[in-house]
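Enquirer: Handing over final-v6.txt, compact mmCIF, C-alpha atoms.
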# COMPACT_ATOMS: atom_id res chain seq x y z
CA MET A 29 -10.04 5.27 -33.50
CA ILE A 30 -7.55 2.81 -32.00
CA GLU A 31 -9.40 -0.11 -30.45
CA LEU A 32 -7.91 -1.44 -27.24
CA ASP A 33 -8.96 -4.70 -25.61
CA PHE A 34 -10.85 -3.53 -22.54
CA GLU A 35 -12.62 -6.85 -22.14
CA LYS A 36 -9.84 -8.86 -20.53
CA MET A 37 -9.96 -6.77 -17.36
CA GLY A 38 -13.65 -5.95 -17.20
CA GLY A 39 -13.46 -2.58 -18.92
CA LEU A 40 -9.94 -1.54 -17.95
CA VAL A 41 -6.41 -1.66 -19.34
CA PRO A 42 -3.25 -1.14 -17.29
CA ALA A 43 -1.34 2.02 -18.20
CA ILE A 44 2.33 2.48 -17.37
CA ALA A 45 3.75 6.00 -17.16
CA GLN A 46 7.44 6.34 -17.98
CA ASP A 47 9.47 9.55 -17.73
CA VAL A 48 10.31 10.47 -21.33
CA GLU A 49 13.60 12.09 -20.25
CA THR A 50 15.06 9.67 -17.70
CA GLY A 51 13.32 6.44 -18.75
CA ASP A 52 12.29 5.85 -15.13
CA VAL A 53 9.01 4.00 -14.69
CA LEU A 54 6.89 6.39 -12.66
CA MET A 55 3.65 4.58 -11.90
CA LEU A 56 1.01 2.14 -13.05
CA ALA A 57 -2.66 2.98 -13.13
CA PHE A 58 -5.72 1.87 -15.10
CA MET A 59 -7.74 3.38 -17.91
CA ASN A 60 -11.29 2.71 -18.97
CA ARG A 61 -12.38 3.69 -22.47
CA ALA A 62 -13.29 7.23 -21.41
CA ALA A 63 -9.88 7.75 -19.76
CA TRP A 64 -8.11 6.46 -22.88
CA GLU A 65 -10.10 8.75 -25.18
CA GLU A 66 -9.57 11.73 -22.86
CA THR A 67 -5.82 11.07 -22.81
CA LEU A 68 -5.72 10.95 -26.62
CA LYS A 69 -7.80 14.11 -26.90
CA THR A 70 -6.11 16.27 -24.28
CA GLY A 71 -2.52 14.98 -24.25
CA ARG A 72 -2.71 14.82 -20.46
CA ALA A 73 -2.52 11.46 -18.75
CA THR A 74 -6.02 10.61 -17.55
CA TYR A 75 -6.70 7.43 -15.63
CA TYR A 76 -9.67 5.69 -14.08
CA SER A 77 -9.74 5.63 -10.30
CA ARG A 78 -11.01 2.25 -9.14
CA SER A 79 -11.43 3.42 -5.56
CA ARG A 80 -13.37 6.56 -6.50
CA ASP A 81 -15.04 5.11 -9.63
CA THR A 82 -14.29 8.23 -11.65
CA LEU A 83 -11.98 9.68 -14.27
CA TRP A 84 -8.79 10.99 -12.74
CA VAL A 85 -6.74 13.63 -14.52
CA LYS A 86 -3.34 12.93 -13.00
CA GLY A 87 -2.05 16.00 -11.16
CA LEU A 88 -5.30 17.94 -11.12
CA THR A 89 -5.04 18.44 -7.33
CA SER A 90 -1.27 18.58 -6.94
CA GLY A 91 -0.48 20.41 -10.18
CA HIS A 92 1.84 17.54 -11.05
CA ILE A 93 0.22 16.72 -14.36
CA GLN A 94 1.71 14.40 -16.95
CA ASN A 95 2.08 15.77 -20.46
CA VAL A 96 1.98 12.80 -22.80
CA LYS A 97 4.79 12.89 -25.36
CA GLU A 98 4.38 9.44 -26.85
CA ILE A 99 1.94 6.55 -26.50
CA ARG A 100 2.83 2.92 -27.09
CA VAL A 101 0.41 -0.01 -27.18
CA ASP A 102 1.50 -3.60 -26.58
CA CYS A 103 1.23 -6.65 -28.83
CA ASP A 104 -2.16 -7.68 -27.45
CA ASN A 105 -3.64 -4.17 -27.47
CA ASP A 106 -4.41 -4.62 -23.78
CA THR A 107 -1.72 -2.47 -22.14
CA VAL A 108 -0.66 1.13 -22.69
CA LEU A 109 2.72 2.78 -22.13
CA LEU A 110 2.72 6.56 -21.79
CA LYS A 111 5.99 8.43 -22.17
CA VAL A 112 5.38 11.58 -20.20
CA GLU A 113 6.84 14.86 -19.10
CA GLN A 114 6.18 14.75 -15.35
CA VAL A 115 5.44 18.31 -14.23
CA GLY A 116 6.75 19.01 -10.73
CA GLY A 117 9.25 16.16 -10.97
CA ALA A 118 7.22 13.68 -8.95
CA ALA A 119 4.49 11.23 -9.94
CA CYS A 120 3.82 9.68 -6.54
CA HIS A 121 1.33 11.08 -4.02
CA THR A 122 3.91 10.33 -1.32
CA GLY A 123 6.25 12.92 -2.83
CA TYR A 124 8.68 10.52 -4.45
CA ALA A 125 9.58 10.98 -8.12
CA SER A 126 8.43 7.45 -8.90
CA CYS A 127 5.89 5.27 -7.12
CA PHE A 128 8.50 2.49 -7.32
CA TYR A 129 10.70 3.87 -4.52
CA GLN A 130 10.82 0.58 -2.61
CA LYS A 131 13.54 -1.88 -3.54
CA VAL A 132 13.73 -5.54 -2.57
CA ASP A 133 16.95 -6.02 -0.62
CA ASN A 134 17.69 -9.30 1.15
CA GLY A 135 14.04 -10.18 1.53
CA SER A 136 12.96 -6.75 2.79
CA LEU A 137 11.78 -3.50 1.23
CA VAL A 138 14.15 -0.54 1.54
CA THR A 139 13.36 2.99 0.44
CA VAL A 140 15.45 4.34 -2.44
CA GLY A 141 16.01 8.09 -2.80
CA GLU A 142 14.37 11.08 -1.21
CA PRO A 143 10.93 12.67 -1.68
CA VAL A 144 10.76 15.57 -4.13
CA PHE A 145 7.91 17.28 -2.29
CA ASP A 146 6.10 17.19 1.06
CA PRO A 147 2.58 15.75 0.57
CA LYS A 148 1.29 17.86 3.48
CA GLU A 149 2.26 21.00 1.58
CA VAL A 150 0.83 19.85 -1.76
CA TYR A 151 -2.45 18.22 -0.73
CA LYS A 152 -3.91 20.94 1.47
CA GLU A 153 -7.51 20.95 2.58
CA MET B 4 8.62 -12.16 3.56
CA ILE B 5 7.48 -9.09 1.68
CA GLU B 6 3.70 -8.88 1.68
CA LEU B 7 2.15 -7.59 -1.54
CA ASP B 8 -1.49 -6.59 -1.87
CA PHE B 9 -2.91 -9.36 -4.03
CA GLU B 10 -6.48 -8.62 -2.95
CA LYS B 11 -7.17 -5.61 -5.14
CA MET B 12 -7.03 -7.68 -8.32
CA GLY B 13 -8.44 -10.97 -7.08
CA GLY B 14 -5.13 -12.63 -6.33
CA LEU B 15 -2.91 -10.90 -8.88
CA VAL B 16 -0.55 -7.94 -9.11
CA PRO B 17 0.63 -6.36 -12.37
CA ALA B 18 4.36 -6.80 -13.01
CA ILE B 19 6.28 -4.56 -15.38
CA ALA B 20 9.54 -5.81 -16.89
CA GLN B 21 12.09 -3.15 -17.77
CA ASP B 22 15.42 -3.78 -19.51
CA VAL B 23 18.05 -3.01 -16.88
CA GLU B 24 20.52 -1.84 -19.52
CA THR B 25 18.44 0.27 -21.90
CA GLY B 26 15.58 1.28 -19.59
CA ASP B 27 13.08 0.16 -22.24
CA VAL B 28 9.81 -1.15 -20.87
CA LEU B 29 9.59 -4.68 -22.26
CA MET B 30 6.22 -6.07 -21.20
CA LEU B 31 3.51 -6.20 -18.59
CA ALA B 32 2.23 -9.43 -17.12
CA PHE B 33 0.63 -10.58 -13.88
CA MET B 34 1.86 -12.46 -10.85
CA ASN B 35 -0.05 -14.44 -8.29
CA ARG B 36 1.56 -15.16 -4.93
CA ALA B 37 3.27 -18.32 -6.20
CA ALA B 38 4.76 -16.49 -9.20
CA TRP B 39 6.04 -13.72 -6.92
CA GLU B 40 7.66 -16.18 -4.52
CA GLU B 41 9.15 -18.18 -7.39
CA THR B 42 10.63 -15.01 -8.89
CA LEU B 43 12.19 -14.08 -5.54
CA LYS B 44 13.55 -17.58 -5.04
CA THR B 45 14.92 -18.27 -8.52
CA GLY B 46 15.87 -14.81 -9.79
CA ARG B 47 14.04 -15.61 -13.04
CA ALA B 48 10.93 -13.65 -13.95
CA THR B 49 7.96 -15.92 -13.37
CA TYR B 50 4.44 -14.77 -14.11
CA TYR B 51 0.95 -16.18 -13.89
CA SER B 52 -0.73 -16.95 -17.19
CA ARG B 53 -4.39 -15.95 -16.98
CA SER B 54 -5.27 -17.76 -20.21
CA ARG B 55 -3.55 -21.02 -19.20
CA ASP B 56 -4.18 -20.68 -15.43
CA THR B 57 -0.64 -21.73 -14.60
CA LEU B 58 2.75 -20.39 -13.55
CA TRP B 59 4.75 -19.20 -16.52
CA VAL B 60 8.53 -19.02 -16.33
CA LYS B 61 9.16 -16.37 -18.97
CA GLY B 62 11.33 -17.76 -21.78
CA LEU B 63 11.05 -21.42 -20.85
CA THR B 64 9.95 -22.32 -24.38
CA SER B 65 11.88 -19.72 -26.38
CA GLY B 66 15.01 -19.65 -24.21
CA HIS B 67 14.47 -15.90 -23.81
CA ILE B 68 14.40 -15.91 -20.04
CA GLN B 69 14.57 -12.78 -17.90
CA ASN B 70 17.27 -12.68 -15.24
CA VAL B 71 16.01 -10.37 -12.52
CA LYS B 72 18.63 -7.83 -11.49
CA GLU B 73 16.49 -5.61 -9.28
CA ILE B 74 12.94 -5.61 -7.97
CA ARG B 75 10.97 -2.51 -7.11
CA VAL B 76 7.58 -2.39 -5.40
CA ASP B 77 5.24 0.59 -5.65
CA CYS B 78 3.81 2.83 -2.92
CA ASP B 79 0.67 0.70 -2.50
CA ASN B 80 2.48 -2.65 -2.59
CA ASP B 81 0.20 -3.67 -5.43
CA THR B 82 2.50 -3.39 -8.46
CA VAL B 83 5.95 -4.82 -9.14
CA LEU B 84 8.71 -3.50 -11.39
CA LEU B 85 11.36 -6.00 -12.47
CA LYS B 86 14.61 -4.72 -13.89
CA VAL B 87 15.80 -7.60 -16.02
CA GLU B 88 18.52 -8.85 -18.27
CA GLN B 89 16.53 -10.03 -21.29
CA VAL B 90 18.28 -13.10 -22.67
CA GLY B 91 18.02 -13.29 -26.46
CA GLY B 92 17.33 -9.58 -26.75
CA ALA B 93 13.58 -9.88 -27.16
CA ALA B 94 10.74 -10.11 -24.65
CA CYS B 95 7.81 -10.30 -27.04
CA HIS B 96 6.49 -13.55 -28.50
CA THR B 97 6.14 -11.71 -31.82
CA GLY B 98 9.93 -11.36 -32.00
CA TYR B 99 10.11 -7.67 -31.12
CA ALA B 100 12.47 -6.57 -28.34
CA SER B 101 9.60 -4.99 -26.44
CA CYS B 102 5.90 -5.82 -26.49
CA PHE B 103 5.32 -2.06 -26.88
CA TYR B 104 6.32 -1.91 -30.55
CA GLN B 105 3.15 -0.09 -31.62
CA LYS B 106 3.16 3.69 -31.45
CA VAL B 107 0.15 5.99 -31.63
CA ASP B 108 0.66 8.29 -34.61
CA ASN B 109 -2.11 10.60 -35.82
CA GLY B 110 -4.83 8.38 -34.44
CA SER B 111 -3.40 5.12 -35.80
CA LEU B 112 -0.96 2.48 -34.57
CA VAL B 113 2.32 2.25 -36.44
CA THR B 114 4.99 -0.38 -35.87
CA VAL B 115 8.29 0.86 -34.48
CA GLY B 116 11.50 -1.05 -35.15
CA GLU B 117 12.15 -4.52 -36.50
CA PRO B 118 11.71 -7.96 -34.93
CA VAL B 119 14.80 -9.46 -33.30
CA PHE B 120 13.77 -13.05 -34.06
CA ASP B 121 11.35 -14.99 -36.24
CA PRO B 122 8.66 -16.58 -34.02
CA LYS B 123 8.31 -19.48 -36.47
CA GLU B 124 11.94 -20.39 -35.85
CA VAL B 125 11.76 -20.05 -32.08
CA TYR B 126 8.40 -21.63 -31.28
CA LYS B 127 8.69 -24.89 -33.16
CA GLU B 128 6.34 -27.77 -32.66
Can you turn what I pasted into structure tokens?
Expert:
Amino acid sequence: MIELDFEKMGGLVPAIAQDVETGDVLMLAFMNRAAWEETLKTGRATYYSRSRDTLWVKGLTSGHIQNVKEIRVDCDNDTVLLKVEQVGGAACHTGYASCFYQKVDNGSLVTVGEPVFDPKEVYKE
Amino acid sequence: MIELDFEKMGGLVPAIAQDVETGDVLMLAFMNRAAWEETLKTGRATYYSRSRDTLWVKGLTSGHIQNVKEIRVDCDNDTVLLKVEQVGGAACHTGYASCFYQKVDNGSLVTVGEPVFDPKEVYKE
């Protein structure tokens, strides 16, 4: 088993998801040990939700799962990079392809691009 | 001034550096408010070193600075993505172009690629 350094962040490591096709950085989330092991086992990106204190299989509600094609680990074994196939074309709960849809422009944030889906349609009651 | 959410991580936000030319993810570090403001002001990636408890202008010792070409902020305003020109061709203190030079392969970590520089030559006493 690959041993990551979960100690530095109190049981978590940051995990970056990058689109394996476009190279776009899609999102950053966190993994605890269980999320890391689940990701390795299932090949689906699984994170740890700090707000809900639970494992979070990305896309379980929206259908926009992330199929993990490659996993990289950094020099300190304390950060993970997932190269993923983003099902549905959008990683962000707002409907944008990437969570990083805000660009710094002359001291302000401007929105780049258009949403891929309408959150109201995807996250129904 | 752009207001990031530093509260979620006790005064820090994760910052991803991505090579603006190749799209490769180079490294992940953290910024406190001073590092963020310094990065905006100088156009050079400046992080916060948790181990040394100080601002850390990336590349100040090695000469391998990161010229920031574009800054993205995520949907929650709690993560930053820097698209950088990596001077010297390598972001990692080990001499590899990217800190993510370890790949998960059949349950083990294998090294991908070759170092760009020899750390012993760059980090002299």
Enquirer: Would you mind listing, as a tab-separated table (two decimals) with C-alpha atoms, in the coordinates of the input, all residues of chain A that have at least one atom within 7 Å of chain B, where all atoms listed in the file are what counts?
Expert:
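Saved result, iface_23.tsv, follows:
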chain	number	residue	atom	x	y	z
A	29	MET	CA	-10.04	5.27	-33.50
A	30	ILE	CA	-7.55	2.81	-32.00
A	51	GLY	CA	13.32	6.44	-18.75
A	99	ILE	CA	1.94	6.55	-26.50
A	100	ARG	CA	2.83	2.92	-27.09
A	101	VAL	CA	0.41	-0.01	-27.18
A	102	ASP	CA	1.50	-3.60	-26.58
A	103	CYS	CA	1.23	-6.65	-28.83
A	127	CYS	CA	5.89	5.27	-7.12
A	128	PHE	CA	8.50	2.49	-7.32
A	129	TYR	CA	10.70	3.87	-4.52
A	130	GLN	CA	10.82	0.58	-2.61
A	131	LYS	CA	13.54	-1.88	-3.54
A	132	VAL	CA	13.73	-5.54	-2.57
A	135	GLY	CA	14.04	-10.18	1.53
A	136	SER	CA	12.96	-6.75	2.79
Enquirer: Quick check, in Å to one decimal: how far apart do atom CA of Gly14 of chain B and atom CA of Lys72 of chain B lie?
Expert: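 Separation between atom CA of Gly14 of chain B and atom CA of Lys72 of chain B: 24.8 Å.
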Enquirer: Quick one, how far is atom CA of Val48 of chain A from atom CA of Trp39 of chain B?
Expert: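 Atom CA of Val48 of chain A sits 28.5 Å away from atom CA of Trp39 of chain B.
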Enquirer: May I have the protein, DNA and RNA residues with any atom at most 12 Å from the point (16.4, -17.1, -13.6), counting only C-alpha atoms, written as an NGL selection string?
Expert: :B and (41-49 or 60-63 or 66-72 or 87-90)
Enquirer: Those residues with C-alpha atoms, as a PDB file, keeping the file's coordinate frame please?
Expert:
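result_16.pdb, written as the output of this step:
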ATOM      1  CA  GLU B  41       9.150 -18.180  -7.390  1.00  0.00           C
ATOM      2  CA  THR B  42      10.630 -15.010  -8.890  1.00  0.00           C
ATOM      3  CA  LEU B  43      12.190 -14.080  -5.540  1.00  0.00           C
ATOM      4  CA  LYS B  44      13.550 -17.580  -5.040  1.00  0.00           C
ATOM      5  CA  THR B  45      14.920 -18.270  -8.520  1.00  0.00           C
ATOM      6  CA  GLY B  46      15.870 -14.810  -9.790  1.00  0.00           C
ATOM      7  CA  ARG B  47      14.040 -15.610 -13.040  1.00  0.00           C
ATOM      8  CA  ALA B  48      10.930 -13.650 -13.950  1.00  0.00           C
ATOM      9  CA  THR B  49       7.960 -15.920 -13.370  1.00  0.00           C
ATOM     10  CA  VAL B  60       8.530 -19.020 -16.330  1.00  0.00           C
ATOM     11  CA  LYS B  61       9.160 -16.370 -18.970  1.00  0.00           C
ATOM     12  CA  GLY B  62      11.330 -17.760 -21.780  1.00  0.00           C
ATOM     13  CA  LEU B  63      11.050 -21.420 -20.850  1.00  0.00           C
ATOM     14  CA  GLY B  66      15.010 -19.650 -24.210  1.00  0.00           C
ATOM     15  CA  HIS B  67      14.470 -15.900 -23.810  1.00  0.00           C
ATOM     16  CA  ILE B  68      14.400 -15.910 -20.040  1.00  0.00           C
ATOM     17  CA  GLN B  69      14.570 -12.780 -17.900  1.00  0.00           C
ATOM     18  CA  ASN B  70      17.270 -12.680 -15.240  1.00  0.00           C
ATOM     19  CA  VAL B  71      16.010 -10.370 -12.520  1.00  0.00           C
ATOM     20  CA  LYS B  72      18.630  -7.830 -11.490  1.00  0.00           C
ATOM     21  CA  VAL B  87      15.800  -7.600 -16.020  1.00  0.00           C
ATOM     22  CA  GLU B  88      18.520  -8.850 -18.270  1.00  0.00           C
ATOM     23  CA  GLN B  89      16.530 -10.030 -21.290  1.00  0.00           C
ATOM     24  CA  VAL B  90      18.280 -13.100 -22.670  1.00  0.00           C
TER      25      VAL B  90
END
Enquirer: Could you give me, as a VMD selection string, the residues within 8 Å of Phe145 of chain A, counting all atoms listed in the file and dropping anything in the same chain fewer than 3 positions from it?
Expert: chain A and resid 118 123 to 124 149 to 150
Enquirer: Can you tell me how far atom CA of Thr82 of chain A sits from atom CA of Gly38 of chain A, in Å to one decimal?
Expert: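 Taking atom CA of Thr82 of chain A and atom CA of Gly38 of chain A, their separation equals 15.2 Å.
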